[in-house]
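For reference, the structure discussed in these notes is given below.
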Amino acid sequence: MSQEKLLMKITHATFGLGGYQETQLGLHLSFSSSSSGVSTSYTYWDYESIECSERCKWSENDRTIALADVLRKLSKLLKDAKVSSVDRLVGVPVEVTLEGNTFSDFRILTEVL
């Protein structure tokens with residue numbers, strides 16, 4: 001599958017509930033350029049919204065690890081963008097990688113900040 005890299009800016013950045021039925025806690029980002037846009041989220045099941053039962057294929061420990069990973073991702077993004085809060089990510093330039101027409105990854109363009 002072909003890979004395409006696009007220059008964009010972060011146009012929306014929130015930390016909170018979203019995703020499937022507003023039950024996933026984490027970071028929600030949207031990116032856009034003059035010709036296209038894409039969104040992604042780094043989340044896991046919210047403790048207050050989803051109960052971990054014996055039928056789940058994940059454990060409370062899995063949830064704890066996943067949410068810690070979300071915060072580590074956020075910490076690195078804030079550092080790379082040289083900002084102190086999620087709302088200040090809006091307007092930050094990024095390089096978005098698409099595989100086919102599917103979002104794959106992004107990086108803050110630290111070299112232009």
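Residues in the structure tokens are numbered from 1 in each chain, the chains being A, B, ... in the order shown, and ligands are numbered from 1 in the order shown.
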I'd like the contact shell of Ser2 (chain A) - 10 Å cut-off, only C-alpha atoms, skipping same-chain residues fewer than 3 positions apart - returned as a ChimeraX atom specification. /A:98-101
With distances taken over only C-alpha atoms, which of A:Glu4, A:Leu27, A:Thr110, A:Ala68 is nearest to Lys82 (chain A)? A:Thr110
Considering only C-alpha atoms, can you say which of A:Cys56, A:Val38, A:Val70, A:Ala13 comes closest to Leu25 (chain A)? A:Val70
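Take the candidates A:Ser59, A:Thr43, A:Gln3, A:Ser33 and check each one against Tyr20 (chain A) using only C-alpha atoms; the shortest distance goes to A:Thr43.
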Using only C-alpha atoms, what does the table of region 6-50 of chain A residues within 8 Å of region 87-94 of chain A look like, with each row giving the shortest atom pair and its distance in Å to one decimal, sorted by chain and ascending number, as a tab-separated table?
residue	atom	partner	partner_atom	distance
A:Leu7	CA	A:Val94	CA	6.0
A:Met8	CA	A:Val94	CA	5.3
A:Lys9	CA	A:Pro93	CA	4.3
A:Ile10	CA	A:Val90	CA	5.0
A:Thr11	CA	A:Val90	CA	5.2
A:His12	CA	A:Val90	CA	5.8
A:Ala13	CA	A:Asp87	CA	5.9
A:Thr14	CA	A:Asp87	CA	6.7
Take the selection from the previous step and output its residues with C-alpha atoms, as a compact mmCIF listing (two decimals), in the first residue's frame.
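Dumped to result-v5.txt:
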# COMPACT_ATOMS: atom_id res chain seq x y z
CA LEU A 7 1.54 18.94 5.63
CA MET A 8 -1.37 19.95 7.84
CA LYS A 9 -2.21 21.82 11.03
CA ILE A 10 -4.02 20.66 14.12
CA THR A 11 -7.49 22.21 13.88
CA HIS A 12 -9.18 20.60 16.88
CA ALA A 13 -7.67 19.21 20.08
CA THR A 14 -9.60 18.03 23.14
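CA of Glu95 (chain A) sits 6.5 Å away from CA of Leu109 (chain A).
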Neighbours of Leu74 (chain A) within 12 Å (only C-alpha atoms; same-chain residues fewer than 2 positions away dropped), as a ChimeraX atom specification? /A:13-15,26-29,41-43,67-72,76-81,83-87,89,108
Atom pair CA of Lys5 (chain A) / CA of Phe31 (chain A): separation (Å):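 One can read the CA of Lys5 (chain A) to CA of Phe31 (chain A) distance as 12.7 Å.
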Got a sec to tell me which of chain A DSSP assigns to alpha helix (DSSP H), as a ChimeraX atom specification? /A:60-81
Limited to N, CA, C and O atoms, could you put the picked residues into a file as an mmCIF file, in the first residue's frame?
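Output saved as part17.cif:
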data_model
loop_
_atom_site.group_PDB
_atom_site.id
_atom_site.type_symbol
_atom_site.label_atom_id
_atom_site.label_comp_id
_atom_site.auth_asym_id
_atom_site.auth_seq_id
_atom_site.Cartn_x
_atom_site.Cartn_y
_atom_site.Cartn_z
ATOM 1 N N GLU A 60 -8.764 -4.588 34.351
ATOM 2 C CA GLU A 60 -8.544 -3.239 34.915
ATOM 3 C C GLU A 60 -7.081 -2.848 34.768
ATOM 4 O O GLU A 60 -6.766 -1.686 34.523
ATOM 5 N N ASN A 61 -6.185 -3.807 34.890
ATOM 6 C CA ASN A 61 -4.765 -3.514 34.707
ATOM 7 C C ASN A 61 -4.484 -3.084 33.268
ATOM 8 O O ASN A 61 -3.711 -2.152 33.035
ATOM 9 N N ASP A 62 -5.129 -3.749 32.300
ATOM 10 C CA ASP A 62 -4.987 -3.340 30.896
ATOM 11 C C ASP A 62 -5.460 -1.900 30.708
ATOM 12 O O ASP A 62 -4.828 -1.120 29.994
ATOM 13 N N ARG A 63 -6.577 -1.550 31.351
ATOM 14 C CA ARG A 63 -7.108 -0.191 31.237
ATOM 15 C C ARG A 63 -6.123 0.813 31.841
ATOM 16 O O ARG A 63 -5.863 1.861 31.245
ATOM 17 N N THR A 64 -5.590 0.499 32.988
ATOM 18 C CA THR A 64 -4.629 1.390 33.645
ATOM 19 C C THR A 64 -3.412 1.620 32.762
ATOM 20 O O THR A 64 -2.959 2.766 32.580
ATOM 21 N N ILE A 65 -2.888 0.560 32.172
ATOM 22 C CA ILE A 65 -1.715 0.673 31.291
ATOM 23 C C ILE A 65 -2.059 1.490 30.053
ATOM 24 O O ILE A 65 -1.291 2.374 29.638
ATOM 25 N N ALA A 66 -3.209 1.233 29.456
ATOM 26 C CA ALA A 66 -3.606 1.948 28.243
ATOM 27 C C ALA A 66 -3.792 3.440 28.508
ATOM 28 O O ALA A 66 -3.360 4.276 27.703
ATOM 29 N N LEU A 67 -4.430 3.786 29.624
ATOM 30 C CA LEU A 67 -4.631 5.206 29.932
ATOM 31 C C LEU A 67 -3.303 5.898 30.254
ATOM 32 O O LEU A 67 -3.114 7.060 29.903
ATOM 33 N N ALA A 68 -2.385 5.178 30.895
ATOM 34 C CA ALA A 68 -1.052 5.737 31.136
ATOM 35 C C ALA A 68 -0.346 5.997 29.804
ATOM 36 O O ALA A 68 0.323 7.022 29.634
ATOM 37 N N ASP A 69 -0.518 5.093 28.833
ATOM 38 C CA ASP A 69 0.074 5.286 27.509
ATOM 39 C C ASP A 69 -0.504 6.523 26.815
ATOM 40 O O ASP A 69 0.223 7.255 26.136
ATOM 41 N N VAL A 70 -1.804 6.762 26.982
ATOM 42 C CA VAL A 70 -2.441 7.958 26.414
ATOM 43 C C VAL A 70 -1.792 9.210 27.000
ATOM 44 O O VAL A 70 -1.468 10.155 26.272
ATOM 45 N N LEU A 71 -1.578 9.219 28.307
ATOM 46 C CA LEU A 71 -0.969 10.393 28.939
ATOM 47 C C LEU A 71 0.485 10.572 28.517
ATOM 48 O O LEU A 71 0.946 11.709 28.356
ATOM 49 N N ARG A 72 1.200 9.481 28.319
ATOM 50 C CA ARG A 72 2.581 9.589 27.824
ATOM 51 C C ARG A 72 2.597 10.191 26.418
ATOM 52 O O ARG A 72 3.444 11.027 26.097
ATOM 53 N N LYS A 73 1.665 9.752 25.563
ATOM 54 C CA LYS A 73 1.559 10.297 24.205
ATOM 55 C C LYS A 73 1.268 11.800 24.267
ATOM 56 O O LYS A 73 1.899 12.596 23.580
ATOM 57 N N LEU A 74 0.325 12.178 25.122
ATOM 58 C CA LEU A 74 -0.012 13.595 25.284
ATOM 59 C C LEU A 74 1.191 14.392 25.773
ATOM 60 O O LEU A 74 1.475 15.478 25.255
ATOM 61 N N SER A 75 1.912 13.873 26.747
ATOM 62 C CA SER A 75 3.080 14.562 27.284
ATOM 63 C C SER A 75 4.112 14.831 26.191
ATOM 64 O O SER A 75 4.652 15.938 26.091
ATOM 65 N N LYS A 76 4.382 13.839 25.347
ATOM 66 C CA LYS A 76 5.346 14.014 24.262
ATOM 67 C C LYS A 76 4.846 15.038 23.244
ATOM 68 O O LYS A 76 5.622 15.877 22.779
ATOM 69 N N LEU A 77 3.558 14.984 22.910
ATOM 70 C CA LEU A 77 3.004 15.958 21.961
ATOM 71 C C LEU A 77 3.148 17.383 22.476
ATOM 72 O O LEU A 77 3.536 18.285 21.739
ATOM 73 N N LEU A 78 2.812 17.595 23.753
ATOM 74 C CA LEU A 78 2.926 18.931 24.342
ATOM 75 C C LEU A 78 4.371 19.406 24.309
ATOM 76 O O LEU A 78 4.650 20.560 23.971
ATOM 77 N N LYS A 79 5.288 18.504 24.653
ATOM 78 C CA LYS A 79 6.709 18.872 24.648
ATOM 79 C C LYS A 79 7.166 19.211 23.235
ATOM 80 O O LYS A 79 7.811 20.234 23.012
ATOM 81 N N ASP A 80 6.853 18.333 22.264
ATOM 82 C CA ASP A 80 7.282 18.573 20.879
ATOM 83 C C ASP A 80 6.685 19.855 20.318
ATOM 84 O O ASP A 80 7.345 20.565 19.553
ATOM 85 N N ALA A 81 5.433 20.159 20.678
ATOM 86 C CA ALA A 81 4.767 21.365 20.176
ATOM 87 C C ALA A 81 5.150 22.615 20.956
ATOM 88 O O ALA A 81 4.765 23.730 20.575
#
What does the distance from CA of Ser104 (chain A) to CA of Gly19 (chain A) come to in Å, to one decimal? 17.5 Å
Name the residues of region 11-82 of chain A that come out as strand (DSSP E or B) in a backbone DSSP run; write them as a PyMOL selection string. chain A and resi 11-18+24-32+37-45
